[in-house]
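File shown: target-v2.txt. Contents: compact mmCIF, C-alpha atoms.
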```
# COMPACT_ATOMS: atom_id res chain seq x y z
CA MET A 298 -7.42 -44.11 29.22
CA SER A 299 -4.32 -45.43 31.06
CA ARG A 300 -2.39 -43.26 33.49
CA ILE A 301 1.03 -43.37 35.13
CA GLU A 302 0.81 -42.47 38.81
CA GLU A 303 3.53 -42.03 41.39
CA LEU A 304 3.51 -44.94 43.87
CA PRO A 305 3.44 -44.27 47.62
CA ASP A 306 6.53 -44.93 49.73
CA ASP A 307 4.86 -47.88 51.51
CA PHE A 308 3.84 -49.61 48.27
CA ASP A 309 4.41 -53.39 48.32
CA GLU A 310 6.60 -54.00 45.29
CA SER A 311 6.02 -57.78 45.55
CA LEU A 312 2.51 -57.29 44.20
CA ASN A 313 1.89 -58.13 40.55
CA LEU A 314 -0.32 -55.38 39.23
CA ASN A 315 -1.18 -57.40 36.14
CA GLU A 316 -2.96 -60.09 38.15
CA VAL A 317 -6.30 -59.67 39.89
CA PRO A 318 -6.23 -60.91 43.51
CA PRO A 319 -8.19 -64.21 43.80
CA GLN A 320 -10.77 -62.92 46.26
CA VAL A 321 -11.37 -59.81 44.17
CA ALA A 322 -11.62 -61.89 41.02
CA GLU A 323 -14.31 -64.02 42.62
CA ASP A 324 -16.31 -60.94 43.53
CA LEU A 325 -16.22 -59.49 40.03
CA PRO A 326 -19.39 -60.02 37.91
CA GLN A 327 -18.75 -62.25 34.94
CA PRO A 328 -19.85 -61.00 31.50
CA ALA A 329 -22.78 -62.90 30.05
CA PHE A 330 -21.35 -63.20 26.55
CA ASP A 331 -19.33 -60.10 25.58
CA ALA A 332 -16.63 -58.56 27.73
CA PHE A 333 -16.96 -55.33 25.71
CA ALA A 334 -20.74 -54.94 25.97
CA ALA A 335 -22.07 -51.42 26.57
CA SER A 336 -22.31 -50.42 30.23
CA ASN A 337 -25.73 -50.49 31.84
CA GLU A 338 -24.85 -47.77 34.32
CA VAL A 339 -27.45 -45.01 34.41
CA PRO A 340 -25.84 -41.54 34.00
CA PHE A 341 -29.14 -39.71 34.61
CA PRO A 342 -32.40 -40.58 36.39
CA ILE A 343 -34.88 -42.19 34.00
CA ASN A 344 -38.02 -40.20 33.22
CA GLU A 345 -40.51 -43.06 33.40
CA GLU A 346 -43.44 -41.14 31.88
CA ARG A 347 -41.38 -40.05 28.91
CA LEU A 348 -39.98 -43.57 28.55
CA LYS A 349 -43.50 -45.01 28.31
CA GLU A 350 -44.22 -42.69 25.39
CA LEU A 351 -41.05 -43.78 23.64
CA GLU A 352 -41.80 -47.49 24.17
CA SER A 353 -45.48 -47.28 23.23
CA ASP A 354 -44.90 -49.75 20.41
CA PRO A 355 -45.20 -53.23 22.05
CA ASN A 356 -43.15 -54.80 19.25
CA ALA A 357 -40.23 -52.44 19.72
CA PRO A 358 -37.30 -53.76 21.80
CA LYS A 359 -36.78 -52.21 25.20
CA MET A 360 -33.95 -49.75 25.57
CA PRO A 361 -31.00 -50.56 27.84
CA PRO A 362 -31.10 -48.51 31.08
CA ALA A 363 -28.16 -46.29 30.03
CA MET A 364 -29.82 -45.38 26.73
CA ALA A 365 -33.20 -44.92 28.39
CA SER A 366 -31.72 -42.47 30.90
CA VAL A 367 -30.60 -40.26 27.99
CA LYS A 368 -33.50 -40.73 25.58
CA SER A 369 -36.13 -40.03 28.23
CA HIS A 370 -34.97 -36.42 28.66
CA SER A 371 -34.99 -33.38 26.38
CA LYS A 372 -31.78 -31.68 25.29
CA GLU A 373 -32.40 -28.82 27.73
CA GLU A 374 -32.96 -31.24 30.63
CA LEU A 375 -29.75 -33.13 29.83
CA LEU A 376 -27.73 -29.90 29.72
CA ALA A 377 -29.21 -28.80 33.05
CA MET A 378 -28.29 -32.12 34.70
CA MET A 379 -24.80 -32.07 33.17
CA ASN A 380 -24.31 -28.56 34.56
CA LYS A 381 -24.56 -30.02 38.06
CA THR A 382 -21.46 -32.13 37.37
CA PRO A 383 -18.14 -30.29 37.89
CA LEU A 384 -16.60 -31.72 34.70
CA PHE A 385 -19.37 -30.25 32.51
CA MET A 386 -20.29 -27.27 34.70
CA THR A 387 -20.71 -23.97 32.80
CA ASP A 388 -23.11 -22.04 35.06
CA ILE A 389 -22.37 -22.16 38.80
CA GLU A 390 -25.53 -20.26 39.71
CA ASN A 391 -27.68 -23.09 38.30
CA ALA A 392 -25.44 -25.95 39.47
CA GLY A 393 -27.31 -26.65 42.72
CA ASP A 394 -30.38 -28.70 43.49
CA GLU A 395 -33.76 -27.36 44.66
CA GLN A 396 -32.10 -26.11 47.86
CA GLY A 397 -29.20 -24.61 45.89
CA GLU A 398 -26.73 -27.26 47.13
CA ASN A 399 -24.19 -29.29 45.15
CA VAL A 400 -22.17 -31.85 47.10
CA PHE A 401 -19.54 -32.30 44.37
CA LEU A 402 -19.00 -28.56 43.94
CA ASP A 403 -18.79 -28.03 47.70
CA ALA A 404 -16.17 -30.76 47.94
CA LEU A 405 -14.05 -29.21 45.17
CA THR A 406 -14.35 -25.76 46.76
CA ALA A 407 -13.24 -27.18 50.11
CA LEU A 408 -10.19 -28.78 48.49
CA GLN A 409 -9.43 -25.54 46.64
CA ASN A 410 -9.44 -23.53 49.87
CA GLU A 411 -7.49 -26.05 51.93
CA GLY A 412 -4.36 -24.55 53.47
CA THR A 413 -3.24 -21.03 54.36
CA ARG A 414 -3.94 -18.07 52.09
CA GLY A 415 -0.37 -18.23 50.79
CA GLU A 416 -0.50 -21.97 50.18
CA VAL A 417 -3.76 -21.71 48.24
CA ALA A 418 -2.34 -18.86 46.14
CA GLN A 419 0.76 -20.95 45.52
CA SER A 420 -1.37 -23.89 44.42
CA PHE A 421 -3.14 -21.73 41.84
CA LYS A 422 0.19 -20.37 40.66
CA GLU A 423 1.58 -23.89 40.18
CA GLN A 424 -1.52 -24.96 38.25
CA GLY A 425 -1.07 -21.87 36.10
CA ASN A 426 2.56 -22.82 35.46
CA GLU A 427 1.51 -26.29 34.30
CA ALA A 428 -0.98 -24.76 31.87
CA VAL A 429 1.71 -22.38 30.57
CA GLN A 430 4.02 -25.32 29.82
CA GLU A 431 1.23 -26.74 27.66
CA LYS A 432 0.56 -23.28 26.18
CA ARG A 433 -3.01 -23.28 27.46
CA TRP A 434 -2.90 -19.52 27.90
CA ILE A 435 -6.57 -18.97 28.77
CA ASP A 436 -6.52 -21.64 31.48
CA ALA A 437 -3.21 -20.39 32.85
CA LYS A 438 -4.51 -16.84 33.02
CA GLU A 439 -7.57 -18.06 34.93
CA PHE A 440 -5.41 -19.86 37.52
CA TYR A 441 -3.21 -16.81 38.07
CA THR A 442 -6.29 -14.60 38.36
CA LYS A 443 -7.70 -16.92 41.04
CA GLY A 444 -4.41 -16.81 42.93
CA ILE A 445 -4.39 -13.00 42.85
CA ALA A 446 -8.01 -12.97 44.02
CA VAL A 447 -7.04 -15.13 47.00
CA ILE A 448 -4.21 -12.76 47.90
CA TYR A 449 -6.41 -9.65 47.69
CA ALA A 450 -9.56 -11.18 49.26
CA LYS A 451 -10.88 -9.20 52.22
CA GLU A 452 -12.50 -12.25 53.83
CA ASP A 453 -9.92 -14.58 55.41
CA LYS A 454 -11.45 -18.08 55.10
CA TRP A 455 -8.21 -20.05 54.98
CA ASP A 456 -6.17 -21.85 57.64
CA LYS A 457 -4.17 -19.72 60.04
CA PRO A 458 -0.41 -19.90 59.36
CA GLU A 459 1.92 -21.11 62.06
CA ASP A 460 4.76 -18.85 60.89
CA LEU A 461 3.43 -15.34 60.14
CA GLU A 462 6.71 -14.08 58.66
CA LYS A 463 6.97 -17.08 56.35
CA GLU A 464 3.34 -16.61 55.27
CA LYS A 465 3.90 -12.91 54.62
CA LYS A 466 6.97 -13.66 52.49
CA LEU A 467 5.09 -16.36 50.57
CA LEU A 468 2.14 -14.06 49.86
CA ARG A 469 4.43 -11.34 48.53
CA GLN A 470 6.26 -13.83 46.33
CA MET A 471 3.00 -15.29 44.97
CA GLU A 472 1.61 -11.81 44.30
CA GLU A 473 4.65 -10.88 42.24
CA LEU A 474 4.85 -14.16 40.32
CA SER A 475 1.10 -14.36 39.66
CA HIS A 476 1.05 -10.87 38.13
CA LEU A 477 4.25 -11.53 36.19
CA ASN A 478 3.01 -14.84 34.80
CA ARG A 479 -0.44 -13.47 34.02
CA ALA A 480 1.32 -10.72 32.06
CA LEU A 481 2.85 -13.47 29.90
CA CYS A 482 -0.60 -14.99 29.29
CA ASN A 483 -2.06 -11.60 28.36
CA LEU A 484 0.85 -10.96 26.01
CA GLU A 485 0.32 -14.29 24.25
CA LEU A 486 -3.45 -13.72 24.09
CA GLY A 487 -3.08 -10.22 22.64
CA ASN A 488 -4.44 -8.48 25.75
CA TYR A 489 -1.67 -5.91 25.58
CA ARG A 490 -3.11 -3.26 27.88
CA SER A 491 -3.84 -5.88 30.56
CA CYS A 492 -0.27 -7.12 30.13
CA THR A 493 1.14 -3.66 30.89
CA LEU A 494 -1.06 -3.41 33.99
CA ASP A 495 0.21 -6.75 35.30
CA CYS A 496 3.79 -5.68 34.59
CA ALA A 497 3.21 -2.44 36.48
CA ALA A 498 1.87 -4.41 39.46
CA THR A 499 4.94 -6.67 39.31
CA LEU A 500 7.39 -3.76 39.14
CA LYS A 501 5.68 -2.12 42.10
CA LEU A 502 6.60 -5.20 44.12
CA ASN A 503 9.97 -5.79 42.43
CA PRO A 504 11.43 -2.76 40.60
CA LYS A 505 14.21 -4.97 39.21
CA SER A 506 12.02 -7.56 37.50
CA VAL A 507 13.67 -7.91 34.10
CA LYS A 508 10.87 -10.12 32.76
CA ALA A 509 8.29 -7.48 33.68
CA PHE A 510 10.26 -4.83 31.79
CA TYR A 511 10.56 -7.12 28.76
CA ARG A 512 6.88 -8.07 28.64
CA SER A 513 5.81 -4.51 29.22
CA SER A 514 8.07 -3.31 26.39
CA MET A 515 6.68 -5.88 23.94
CA ALA A 516 3.06 -5.11 24.87
CA LEU A 517 3.62 -1.36 24.55
CA LEU A 518 5.25 -1.93 21.16
CA LYS A 519 2.12 -3.79 20.01
CA LEU A 520 0.05 -0.84 21.24
CA GLU A 521 2.22 1.50 19.12
CA LYS A 522 3.34 3.33 22.28
CA ILE A 523 6.88 3.58 21.00
CA ALA A 524 8.29 6.01 23.56
CA GLU A 525 6.91 4.00 26.48
CA ALA A 526 8.17 0.72 24.97
CA GLU A 527 11.62 2.25 24.49
CA ASP A 528 11.64 3.45 28.11
CA ALA A 529 10.62 0.02 29.47
CA ALA A 530 13.37 -1.73 27.49
CA ALA A 531 15.96 0.84 28.60
CA ARG A 532 15.01 0.47 32.26
CA GLY A 533 15.25 -3.30 31.99
CA LEU A 534 18.68 -3.11 30.36
CA ALA A 535 19.82 -0.77 33.12
CA VAL A 536 19.12 -3.64 35.54
CA ASP A 537 20.60 -6.37 33.32
CA PRO A 538 22.61 -4.98 30.36
CA SER A 539 23.45 -8.47 29.06
CA ASN A 540 19.87 -9.73 28.91
CA THR A 541 19.41 -10.99 25.34
CA ALA A 542 15.59 -10.87 25.42
CA LEU A 543 15.65 -7.20 26.42
CA GLN A 544 18.33 -6.46 23.83
CA SER A 545 16.09 -8.02 21.19
CA ALA A 546 13.11 -6.01 22.46
CA ALA A 547 15.11 -2.79 22.37
CA LYS A 548 16.20 -3.55 18.79
CA LYS A 549 12.59 -4.16 17.67
CA VAL A 550 11.46 -0.95 19.35
CA ALA A 551 14.28 1.01 17.69
CA GLU A 552 13.39 -0.43 14.26
CA ARG A 553 9.72 0.41 14.70
CA LYS A 554 10.60 3.88 15.94
CA ALA A 555 12.74 4.53 12.86
CA ALA A 556 9.96 3.23 10.59
CA VAL A 557 7.36 5.44 12.28
CA GLU A 558 9.65 8.47 11.99
CA ARG A 559 10.18 7.77 8.28
CA ILE A 560 6.44 7.47 7.72
CA ALA A 561 5.82 10.68 9.66
CA ALA A 562 8.50 12.54 7.71
CA ARG A 563 7.12 11.32 4.39
CA LYS A 564 3.58 12.26 5.41
CA LYS A 565 4.75 15.69 6.50
CA ALA A 566 6.55 16.24 3.19
CA GLU A 567 3.48 15.09 1.23
CA ASP A 568 1.20 17.37 3.25
CA GLU A 569 3.54 20.30 2.70
CA LEU A 570 3.73 19.63 -1.04
CA ALA A 571 -0.08 19.35 -1.24
CA ARG A 572 -0.42 22.62 0.68
CA LYS A 573 1.91 24.40 -1.74
CA LYS A 574 0.12 22.95 -4.79
CA ASN A 575 -3.26 24.06 -3.47
CA LEU A 576 -1.91 27.53 -2.72
CA VAL A 577 -0.45 27.95 -6.21
CA LEU A 578 -3.60 26.55 -7.86
CA SER A 579 -5.86 28.81 -5.80
CA THR A 580 -3.72 31.80 -6.81
CA ALA A 581 -3.89 30.79 -10.49
CA LEU A 582 -7.70 30.43 -10.41
CA ARG A 583 -8.15 33.81 -8.74
CA ALA A 584 -5.84 35.44 -11.28
CA ARG A 585 -8.02 34.05 -14.09
CA GLN A 586 -11.26 35.00 -12.29
CA ILE A 587 -12.50 31.43 -12.36
CA PHE A 588 -14.95 30.72 -9.52
CA THR A 589 -15.14 27.32 -7.85
CA ARG A 590 -17.42 25.83 -5.21
CA LYS A 591 -17.61 22.57 -3.28
CA THR A 592 -20.73 20.78 -2.09
CA ASP A 593 -21.27 18.39 0.82
CA GLN A 594 -21.54 15.42 -1.52
CA PRO A 595 -18.94 15.69 -4.29
CA PRO A 596 -18.90 12.98 -7.00
CA GLU A 597 -16.35 10.17 -6.84
CA MET A 598 -13.57 10.94 -9.34
CA GLU A 599 -10.70 8.88 -7.88
CA ASP A 600 -7.51 10.90 -8.56
CA ALA A 601 -9.06 13.38 -11.00
CA GLY A 602 -9.19 17.05 -10.05
CA ILE A 603 -8.27 20.59 -11.13
CA ARG A 604 -4.51 20.78 -11.58
CA LEU A 605 -1.69 22.86 -13.03
CA THR A 606 0.38 21.24 -15.74
CA PRO A 607 3.19 20.60 -16.45
CA ASP A 608 4.46 22.12 -13.17
CA PRO A 609 1.89 22.12 -10.33
CA LEU A 610 4.06 24.58 -8.36
CA SER A 611 4.16 27.19 -11.12
CA PRO A 612 1.24 29.64 -11.57
CA GLU A 613 2.35 30.03 -15.19
CA SER A 614 1.38 26.43 -15.97
CA SER A 615 -1.91 25.68 -17.73
CA ILE A 616 -4.95 24.61 -15.71
CA GLU A 617 -6.72 21.36 -16.58
CA PHE A 618 -10.27 20.57 -15.48
CA PRO A 619 -12.07 17.20 -15.17
CA THR A 620 -15.01 17.57 -17.57
CA VAL A 621 -18.20 15.68 -18.34
CA MET A 622 -19.67 15.95 -21.83
CA LEU A 623 -23.39 15.42 -21.19
CA TYR A 624 -25.86 14.30 -23.87
CA PRO A 625 -29.12 15.01 -21.95
CA MET A 626 -31.49 14.15 -24.77
CA ASP A 627 -30.16 10.59 -24.83
CA ALA A 628 -29.10 10.17 -21.17
CA GLN A 629 -25.45 9.52 -22.16
CA SER A 630 -22.13 11.09 -21.16
CA ASP A 631 -18.36 11.06 -21.70
CA PHE A 632 -15.72 11.85 -19.07
CA ILE A 633 -12.57 13.81 -19.89
CA LYS A 634 -10.00 13.65 -17.10
CA GLY A 635 -7.97 16.69 -18.18
CA PHE A 636 -9.63 19.45 -20.29
CA SER A 637 -6.98 22.16 -20.74
CA GLU A 638 -8.05 25.80 -20.37
CA LEU A 639 -6.36 26.43 -23.73
CA SER A 640 -8.43 23.80 -25.56
CA CYS A 641 -11.88 24.36 -27.00
CA ILE A 642 -14.92 22.06 -26.95
CA GLU A 643 -14.47 21.18 -30.61
CA ASP A 644 -11.00 19.74 -29.91
CA HIS A 645 -12.61 16.99 -27.83
CA LEU A 646 -15.76 16.47 -29.89
CA GLU A 647 -13.57 15.69 -32.92
CA TYR A 648 -12.29 12.45 -31.37
CA LEU A 649 -15.52 11.65 -29.46
CA PHE A 650 -17.65 11.72 -32.61
CA PRO A 651 -19.14 9.60 -34.01
CA LEU A 652 -20.78 8.38 -30.83
CA PRO A 653 -21.11 4.57 -30.72
CA TRP A 654 -24.70 4.70 -29.46
CA ASP A 655 -25.85 7.42 -31.96
CA THR A 656 -27.75 5.14 -34.36
CA LYS A 657 -29.71 8.09 -35.81
CA ASN A 658 -26.53 10.04 -36.65
CA GLU A 659 -27.81 13.14 -34.82
CA TYR A 660 -24.44 14.11 -33.34
CA SER A 661 -21.79 15.72 -35.54
CA LEU A 662 -19.61 18.83 -35.20
CA GLY A 663 -21.86 20.92 -37.38
CA ASN A 664 -25.11 19.56 -36.02
CA VAL A 665 -24.81 20.20 -32.26
CA GLU A 666 -24.81 23.15 -29.86
CA CYS A 667 -23.17 23.30 -26.45
CA PHE A 668 -24.47 24.83 -23.22
CA MET A 669 -23.28 25.40 -19.65
CA GLN A 670 -25.19 26.34 -16.51
CA THR A 671 -24.67 29.75 -14.94
CA VAL A 672 -24.21 30.52 -11.24
CA SER A 673 -27.91 31.46 -11.01
CA GLY A 674 -29.07 28.20 -12.61
CA GLY A 675 -29.64 29.58 -16.12
CA LEU A 676 -27.90 28.60 -19.34
CA ILE A 677 -25.25 30.12 -21.56
CA LYS A 678 -24.39 28.95 -25.04
CA ALA A 679 -20.75 27.84 -25.14
CA GLY A 680 -18.96 28.36 -28.44
CA LYS A 681 -17.41 25.13 -29.70
CA LYS A 682 -14.32 26.94 -30.97
CA VAL A 683 -13.87 29.20 -27.93
CA PRO A 684 -11.08 28.23 -25.45
CA LEU A 685 -12.43 26.90 -22.15
CA LEU A 686 -10.60 29.66 -20.25
CA GLN A 687 -12.62 32.31 -22.06
CA ILE A 688 -15.89 30.53 -21.18
CA LEU A 689 -15.04 30.15 -17.48
CA THR A 690 -13.56 33.62 -16.91
CA GLY A 691 -15.76 36.38 -15.60
CA GLY A 692 -17.90 34.62 -13.01
CA LYS A 693 -20.98 33.72 -15.06
CA VAL A 694 -20.08 30.03 -14.82
CA GLU A 695 -18.69 28.33 -11.72
CA VAL A 696 -16.89 25.05 -11.43
CA VAL A 697 -18.68 22.90 -8.83
CA ASP A 698 -16.73 20.13 -7.04
CA GLU A 699 -13.81 20.63 -9.48
CA LEU A 700 -15.95 19.33 -12.36
CA VAL A 701 -16.90 21.18 -15.56
CA ASN A 702 -20.25 20.14 -17.08
CA ILE A 703 -20.93 20.78 -20.79
CA PHE A 704 -24.32 19.92 -22.35
CA VAL A 705 -24.10 18.75 -25.99
CA VAL A 706 -27.50 18.88 -27.79
CA PRO A 707 -28.53 18.28 -31.42
CA ILE A 708 -29.66 21.57 -32.98
CA SER A 709 -33.08 20.06 -33.75
CA LYS A 710 -33.64 19.41 -30.03
CA THR A 711 -32.23 22.58 -28.43
CA GLY A 712 -35.72 24.10 -27.99
CA ALA A 713 -36.95 21.10 -26.02
CA PHE A 714 -33.73 21.05 -23.98
CA ILE A 715 -33.93 24.76 -23.02
CA ALA A 716 -37.62 24.43 -22.09
CA ASP A 717 -36.84 21.44 -19.87
CA MET A 718 -34.01 23.26 -18.10
CA LYS A 719 -36.18 26.31 -17.45
CA ALA A 720 -38.93 24.08 -16.02
CA ARG A 721 -36.43 22.47 -13.67
CA LYS A 722 -35.16 25.86 -12.53
CA ASN A 723 -38.66 27.04 -11.68
CA THR A 724 -39.59 23.95 -9.67
```
What do you get writing this file as structure tokens?
Amino acid sequence: MSRIEELPDDFDESLNLNEVPPQVAEDLPQPAFDAFAASNEVPFPINEERLKELESDPNAPKMPPAMASVKSHSKEELLAMMNKTPLFMTDIENAGDEQGENVFLDALTALQNEGTRGEVAQSFKEQGNEAVQEKRWIDAKEFYTKGIAVIYAKEDKWDKPEDLEKEKKLLRQMEELSHLNRALCNLELGNYRSCTLDCAATLKLNPKSVKAFYRSSMALLKLEKIAEAEDAAARGLAVDPSNTALQSAAKKVAERKAAVERIAARKKAEDELARKKNLVLSTALRARQIFTRKTDQPPEMEDAGIRLTPDPLSPESSIEFPTVMLYPMDAQSDFIKGFSELSCIEDHLEYLFPLPWDTKNEYSLGNVECFMQTVSGGLIKAGKKVPLLQILTGGKVEVVDELVNIFVVPISKTGAFIADMKARKNT
């Protein structure tokens, strides 16, 4: 890939870069037949034993050295050798040779640590800035983190500065900028808590850093810490009232604050309304002597439940109960979302019958009996023409998990049904 490089000051402009110097041209090896033939350079040492196995067929053509250097190693061996090269390095601990040494890595480390502590930190900061311009946020964050590590390192392994005051000023400047810029990376990466920590470190060094206030405000807003976000934006605007970024941040915080307050107010009103409805309903049930009980595993009924109608806040309204009409002898059922206390069982059986699955025509108004379980687990016979309120009043029957259960049984099968229920009670 071609590159454009800055020429040194002493570069001889009379040279024609497009021509190869004669002596150099003579020294260059001439291609045998194809100037674009694959390179025979060997990227990895060739495993001769493995190569012999691969070339066991005498009729097979021999591999070029470059291909042989790759084919003669396993995938794991290739990855291990690549890890010793800085460009492909992913595991520094395993990057050395048998003695744990890596000449290339040592050379890069030496270049990285060349200069005073402040100069090295500045180098990392500048590399981070270049990555930011390209929006490589992870790389930029890594550079800033390295710069901060250099500043805070206890071991001083860098060159001694000639001007101590200048070095001290540079270190302080790099510390502030590295934290501030890393805050930007964390904000872009969604590391909002880390962003606020970097902003706090920046403001400790420079209490008037407008960018730190802005980034902190935006991160806190993402964390739903509205009061803190509002405070950060306000403090920043106190430093620079005309800053448009902070004005925008303050506006976003104010909008979110208003939205949160509206949601909270609506939730509070809904909770209060639900509390009043439950209180009125509980009073109405007690007045009618209807007993209810809840279990640890209530059935899923979506929005169905015991309710007062038409006005849920008036104890004079009628109570409606979710009800299941059970047909135990045929393992079938029907669900009634609102069975009024003033209605009787027959009112619902009239529109439920005939049952679509009743091929034997066993279920009709005059040919069935209805039962309900008592608090003790026994059975009572429920009159089909008796209002539900009359059946539930008195405490013999309780409503469990807001659901009324009514067993509907053909008269010819009531004996078998009662016997089965008694057997279940005794087990």
So which one's closest to A:Asp495, A:Lys465, A:Glu699, A:Thr442, A:Lys519? Using all atoms listed in the file, please.
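The shortest atom-to-atom distance to A:Asp495 comes from A:Thr442.
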Do a neighbour search on stretch 545-555 of chain A at 12 Å with only C-alpha atoms, toss out local chain neighbours closer than 2 positions, and write the hits as a tab-separated table (two decimals) with C-alpha atoms, keeping the file's coordinate frame.
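Resulting contents of part-v3.tsv:
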```
chain	number	residue	atom	x	y	z
A	507	VAL	CA	13.67	-7.91	34.10
A	508	LYS	CA	10.87	-10.12	32.76
A	510	PHE	CA	10.26	-4.83	31.79
A	511	TYR	CA	10.56	-7.12	28.76
A	512	ARG	CA	6.88	-8.07	28.64
A	513	SER	CA	5.81	-4.51	29.22
A	514	SER	CA	8.07	-3.31	26.39
A	515	MET	CA	6.68	-5.88	23.94
A	516	ALA	CA	3.06	-5.11	24.87
A	517	LEU	CA	3.62	-1.36	24.55
A	518	LEU	CA	5.25	-1.93	21.16
A	519	LYS	CA	2.12	-3.79	20.01
A	520	LEU	CA	0.05	-0.84	21.24
A	521	GLU	CA	2.22	1.50	19.12
A	522	LYS	CA	3.34	3.33	22.28
A	523	ILE	CA	6.88	3.58	21.00
A	524	ALA	CA	8.29	6.01	23.56
A	525	GLU	CA	6.91	4.00	26.48
A	526	ALA	CA	8.17	0.72	24.97
A	527	GLU	CA	11.62	2.25	24.49
A	528	ASP	CA	11.64	3.45	28.11
A	529	ALA	CA	10.62	0.02	29.47
A	530	ALA	CA	13.37	-1.73	27.49
A	531	ALA	CA	15.96	0.84	28.60
A	532	ARG	CA	15.01	0.47	32.26
A	533	GLY	CA	15.25	-3.30	31.99
A	534	LEU	CA	18.68	-3.11	30.36
A	535	ALA	CA	19.82	-0.77	33.12
A	538	PRO	CA	22.61	-4.98	30.36
A	539	SER	CA	23.45	-8.47	29.06
A	540	ASN	CA	19.87	-9.73	28.91
A	541	THR	CA	19.41	-10.99	25.34
A	542	ALA	CA	15.59	-10.87	25.42
A	543	LEU	CA	15.65	-7.20	26.42
A	557	VAL	CA	7.36	5.44	12.28
A	558	GLU	CA	9.65	8.47	11.99
A	559	ARG	CA	10.18	7.77	8.28
A	560	ILE	CA	6.44	7.47	7.72
A	561	ALA	CA	5.82	10.68	9.66
A	562	ALA	CA	8.50	12.54	7.71
```
Using only C-alpha atoms, which residue out of A:Gly425, A:Pro595, A:Pro362, A:Pro458 lies closest to A:Gly412?
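Smallest distance to A:Gly412 is found for A:Pro458.
Picture a line from atom CA of A:Ala418 to atom CA of A:Cys496; it runs 18.6 Å.
Comparing A:Glu346, A:Asp460, A:Glu473, A:Asp644 by their smallest distance to A:Pro504, the closest is A:Glu473 (using all atoms listed in the file).
Across the model, the gap from atom CA of A:Val672 to atom CA of A:Ala584 is 19.0 Å.
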Would you be able to write out as a PyMOL selection string which residues have an atom within 10 Å of (-2.1, -22.5, 39.4) in the file's coordinates, counting all atoms listed in the file?
chain A and resi 417-429+436-444+475
Find the distance between atom CA of A:Ser637 and atom CA of A:Phe618 and write it in Å to one decimal.
6.4 Å
Option closest in space to A:Glu613, from A:Val706, A:Ile677, A:Leu502, A:Leu578 [counting only C-alpha atoms]
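Closest to A:Glu613 of all the choices is A:Leu578.
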Using all atoms listed in the file: which of A:Gln430, A:Thr711, A:Ser579, A:Ser353 has the shortest distance to A:Ile616
A:Ser579
Which residues are close to A:Ser673, i.e. within 10 Å by only C-alpha atoms, leaving aside same-chain residues fewer than 4 positions away? Reply as a ChimeraX atom specification.
/A:693-695,722
